Amino acid sequence: MPHTTSRYLAEGPRVGIRPFTLDDGPEFTARARESKDLHRPWLFPPDTDEGYAAYAKPLIEDPSKAGFLVCEKDSGDIAGFININNIVRGGFQCGALGYGAFAHAAGRGLMREGLDLVIGYAFGPLGLHRLEINAQPDNVPSVAMARGAGFRLEGFSPDMIFIDGAWRDHERWALTVEMRAASDPAFAQS
């Protein structure tokens, strides 16, 4: 699939993160279609050009959102996406994370590496203090990702988010700058 050359905002050993662009639509939607079995019933990323444009435009333009594509460094292929939604400034300095791997990248640790990069970017250049993840309890990979990245379980909210025609229960996970610094000495020094 063709790729738009762009500079990564942050890089790890195998992946880099970069902002969404409208030009990413063809690859993103093809990956979403290939990944339906992986995503259902938890996630419904756009799989049409029109759906992608409507999804990506706010991530590109709205300051209360920040969207990141996780890309394999060797090929440039999009492995998945991580978005920070509902960014609130002022005394709160918080955002809510949502993420999804594409099927070809699932289970390879690429998204975990990408999540670390997004966390560092959120707590660094974006100036956030707290990140939250709301995960359906039965979505084992999503819960494992939150736990593995050092998020703490803060609570359970029944009927929290409307997904696939019903209100779904969610666990609430959170990570603060202080928690990240305590668990990662390299982060504390940056």
# chains A, B, ... in the order shown; residues from 1 in each chain; ligands from 1
>>> residues_around(residues="Arg14 in chain A", least_positions_apart="4", cutoff="9 Å", atoms="only C-alpha atoms", output="PyMOL selection string")
chain A and resi 71-74+110+113-114
>>> closest_residue(among="A:Ala174, A:Leu126, A:Leu115, A:Ile163", to="Leu43 in chain A", atoms="only C-alpha atoms")
A:Ile163
>>> residues_around(residues="Tyr52 in chain A", least_positions_apart="3", cutoff="9 Å", atoms="only C-alpha atoms", output="list of chain:residue names")
A:Leu22, A:Asp24, A:Gly25, A:Pro26, A:Phe28, A:Thr29, A:Pro45, A:Pro46, A:Asp47, A:Thr48, A:Asp49, A:Tyr55, A:Ala56, A:Lys57
>>> select_by_dssp(residues="chain A", states="strand (DSSP E)", output="PDB file with C-alpha atoms, in the first residue's frame")
ATOM      1  CA  ALA A  10       8.313   9.833  18.571  1.00  0.00           C
ATOM      2  CA  GLU A  11      10.086   6.572  17.713  1.00  0.00           C
ATOM      3  CA  VAL A  15       7.387   1.710  15.599  1.00  0.00           C
ATOM      4  CA  GLY A  16       6.919   5.430  15.266  1.00  0.00           C
ATOM      5  CA  ILE A  17       3.852   7.539  15.950  1.00  0.00           C
ATOM      6  CA  ARG A  18       2.598  10.266  13.684  1.00  0.00           C
ATOM      7  CA  PRO A  19      -0.570  12.315  13.278  1.00  0.00           C
ATOM      8  CA  ALA A  66      -5.122  14.116  19.256  1.00  0.00           C
ATOM      9  CA  GLY A  67      -4.904  11.151  16.900  1.00  0.00           C
ATOM     10  CA  PHE A  68      -1.805   9.040  16.349  1.00  0.00           C
ATOM     11  CA  LEU A  69      -1.083   6.331  13.829  1.00  0.00           C
ATOM     12  CA  VAL A  70       1.279   3.640  15.055  1.00  0.00           C
ATOM     13  CA  CYS A  71       3.491   2.740  12.088  1.00  0.00           C
ATOM     14  CA  GLU A  72       6.052   0.015  11.610  1.00  0.00           C
ATOM     15  CA  ILE A  78      -0.017   1.381   9.817  1.00  0.00           C
ATOM     16  CA  ALA A  79      -0.117  -1.132  12.686  1.00  0.00           C
ATOM     17  CA  GLY A  80      -2.923   0.601  14.558  1.00  0.00           C
ATOM     18  CA  PHE A  81      -4.117   3.850  16.050  1.00  0.00           C
ATOM     19  CA  ILE A  82      -4.219   5.552  19.428  1.00  0.00           C
ATOM     20  CA  ASN A  83      -6.389   8.590  20.012  1.00  0.00           C
ATOM     21  CA  ILE A  84      -6.574  10.970  22.924  1.00  0.00           C
ATOM     22  CA  ASN A  85     -10.158  12.208  23.130  1.00  0.00           C
ATOM     23  CA  ASN A  86     -11.907  14.636  25.448  1.00  0.00           C
ATOM     24  CA  ILE A  87      -8.752  16.600  26.247  1.00  0.00           C
ATOM     25  CA  VAL A  88      -9.569  19.036  29.016  1.00  0.00           C
ATOM     26  CA  CYS A  94      -6.507  15.079  31.165  1.00  0.00           C
ATOM     27  CA  GLY A  95      -7.507  13.039  28.137  1.00  0.00           C
ATOM     28  CA  ALA A  96      -9.181   9.707  27.395  1.00  0.00           C
ATOM     29  CA  LEU A  97      -7.324   7.128  25.321  1.00  0.00           C
ATOM     30  CA  GLY A  98      -8.867   4.871  22.715  1.00  0.00           C
ATOM     31  CA  TYR A  99      -6.871   2.432  20.600  1.00  0.00           C
ATOM     32  CA  GLY A 100      -6.986  -0.423  18.189  1.00  0.00           C
ATOM     33  CA  ALA A 101      -4.494  -2.716  16.487  1.00  0.00           C
ATOM     34  CA  ARG A 130      -3.493  12.312  33.456  1.00  0.00           C
ATOM     35  CA  LEU A 131      -4.632   9.776  30.862  1.00  0.00           C
ATOM     36  CA  GLU A 132      -7.664   7.542  31.202  1.00  0.00           C
ATOM     37  CA  ILE A 133      -8.690   4.336  29.450  1.00  0.00           C
ATOM     38  CA  ASN A 134     -12.233   2.995  29.541  1.00  0.00           C
ATOM     39  CA  ALA A 135     -12.236  -0.694  28.613  1.00  0.00           C
ATOM     40  CA  ARG A 152      -4.257   1.559  37.632  1.00  0.00           C
ATOM     41  CA  LEU A 153      -7.815   0.298  37.848  1.00  0.00           C
ATOM     42  CA  GLU A 154      -9.882   3.060  39.415  1.00  0.00           C
ATOM     43  CA  GLY A 155     -13.409   1.790  39.093  1.00  0.00           C
ATOM     44  CA  PHE A 156     -16.249   0.163  37.257  1.00  0.00           C
ATOM     45  CA  SER A 157     -19.039   2.023  35.461  1.00  0.00           C
ATOM     46  CA  PRO A 158     -22.131   0.092  34.394  1.00  0.00           C
ATOM     47  CA  ASP A 159     -23.811   1.142  31.145  1.00  0.00           C
ATOM     48  CA  MET A 160     -21.102   3.747  30.500  1.00  0.00           C
ATOM     49  CA  ILE A 161     -20.660   3.963  26.709  1.00  0.00           C
ATOM     50  CA  PHE A 162     -23.094   3.232  23.871  1.00  0.00           C
ATOM     51  CA  ILE A 163     -21.415   0.698  21.547  1.00  0.00           C
ATOM     52  CA  ALA A 166     -26.286  -1.058  23.648  1.00  0.00           C
ATOM     53  CA  TRP A 167     -24.904   0.674  26.722  1.00  0.00           C
ATOM     54  CA  ARG A 168     -21.773  -1.219  27.766  1.00  0.00           C
ATOM     55  CA  ASP A 169     -20.083  -1.594  31.140  1.00  0.00           C
ATOM     56  CA  HIS A 170     -16.509  -0.315  31.374  1.00  0.00           C
ATOM     57  CA  GLU A 171     -13.573  -0.491  33.720  1.00  0.00           C
ATOM     58  CA  ARG A 172     -11.884   2.863  34.301  1.00  0.00           C
ATOM     59  CA  TRP A 173      -8.089   2.872  34.208  1.00  0.00           C
ATOM     60  CA  ALA A 174      -5.809   5.879  34.758  1.00  0.00           C
ATOM     61  CA  LEU A 175      -2.169   6.917  34.630  1.00  0.00           C
ATOM     62  CA  THR A 176      -0.636  10.184  35.862  1.00  0.00           C
TER      63      THR A 176
END
>>> decode(residues="range 35-46 of chain A", atoms="C-alpha atoms", output="JSON list (two decimals), in the first residue's frame")
[["chain", "number", "residue", "atom", "x", "y", "z"],
["A", 35, "SER", "CA", -9.55, -6.48, 10.95],
["A", 36, "LYS", "CA", -13.32, -6.69, 11.50],
["A", 37, "ASP", "CA", -13.11, -10.11, 13.16],
["A", 38, "LEU", "CA", -10.45, -8.81, 15.56],
["A", 39, "HIS", "CA", -12.35, -5.64, 16.44],
["A", 40, "ARG", "CA", -15.88, -6.91, 16.88],
["A", 41, "PRO", "CA", -17.76, -6.42, 19.19],
["A", 42, "TRP", "CA", -15.46, -3.87, 20.88],
["A", 43, "LEU", "CA", -14.48, -1.44, 18.18],
["A", 44, "PHE", "CA", -15.83, -0.09, 14.90],
["A", 45, "PRO", "CA", -13.15, 1.94, 13.10],
["A", 46, "PRO", "CA", -14.23, 3.49, 9.80]]
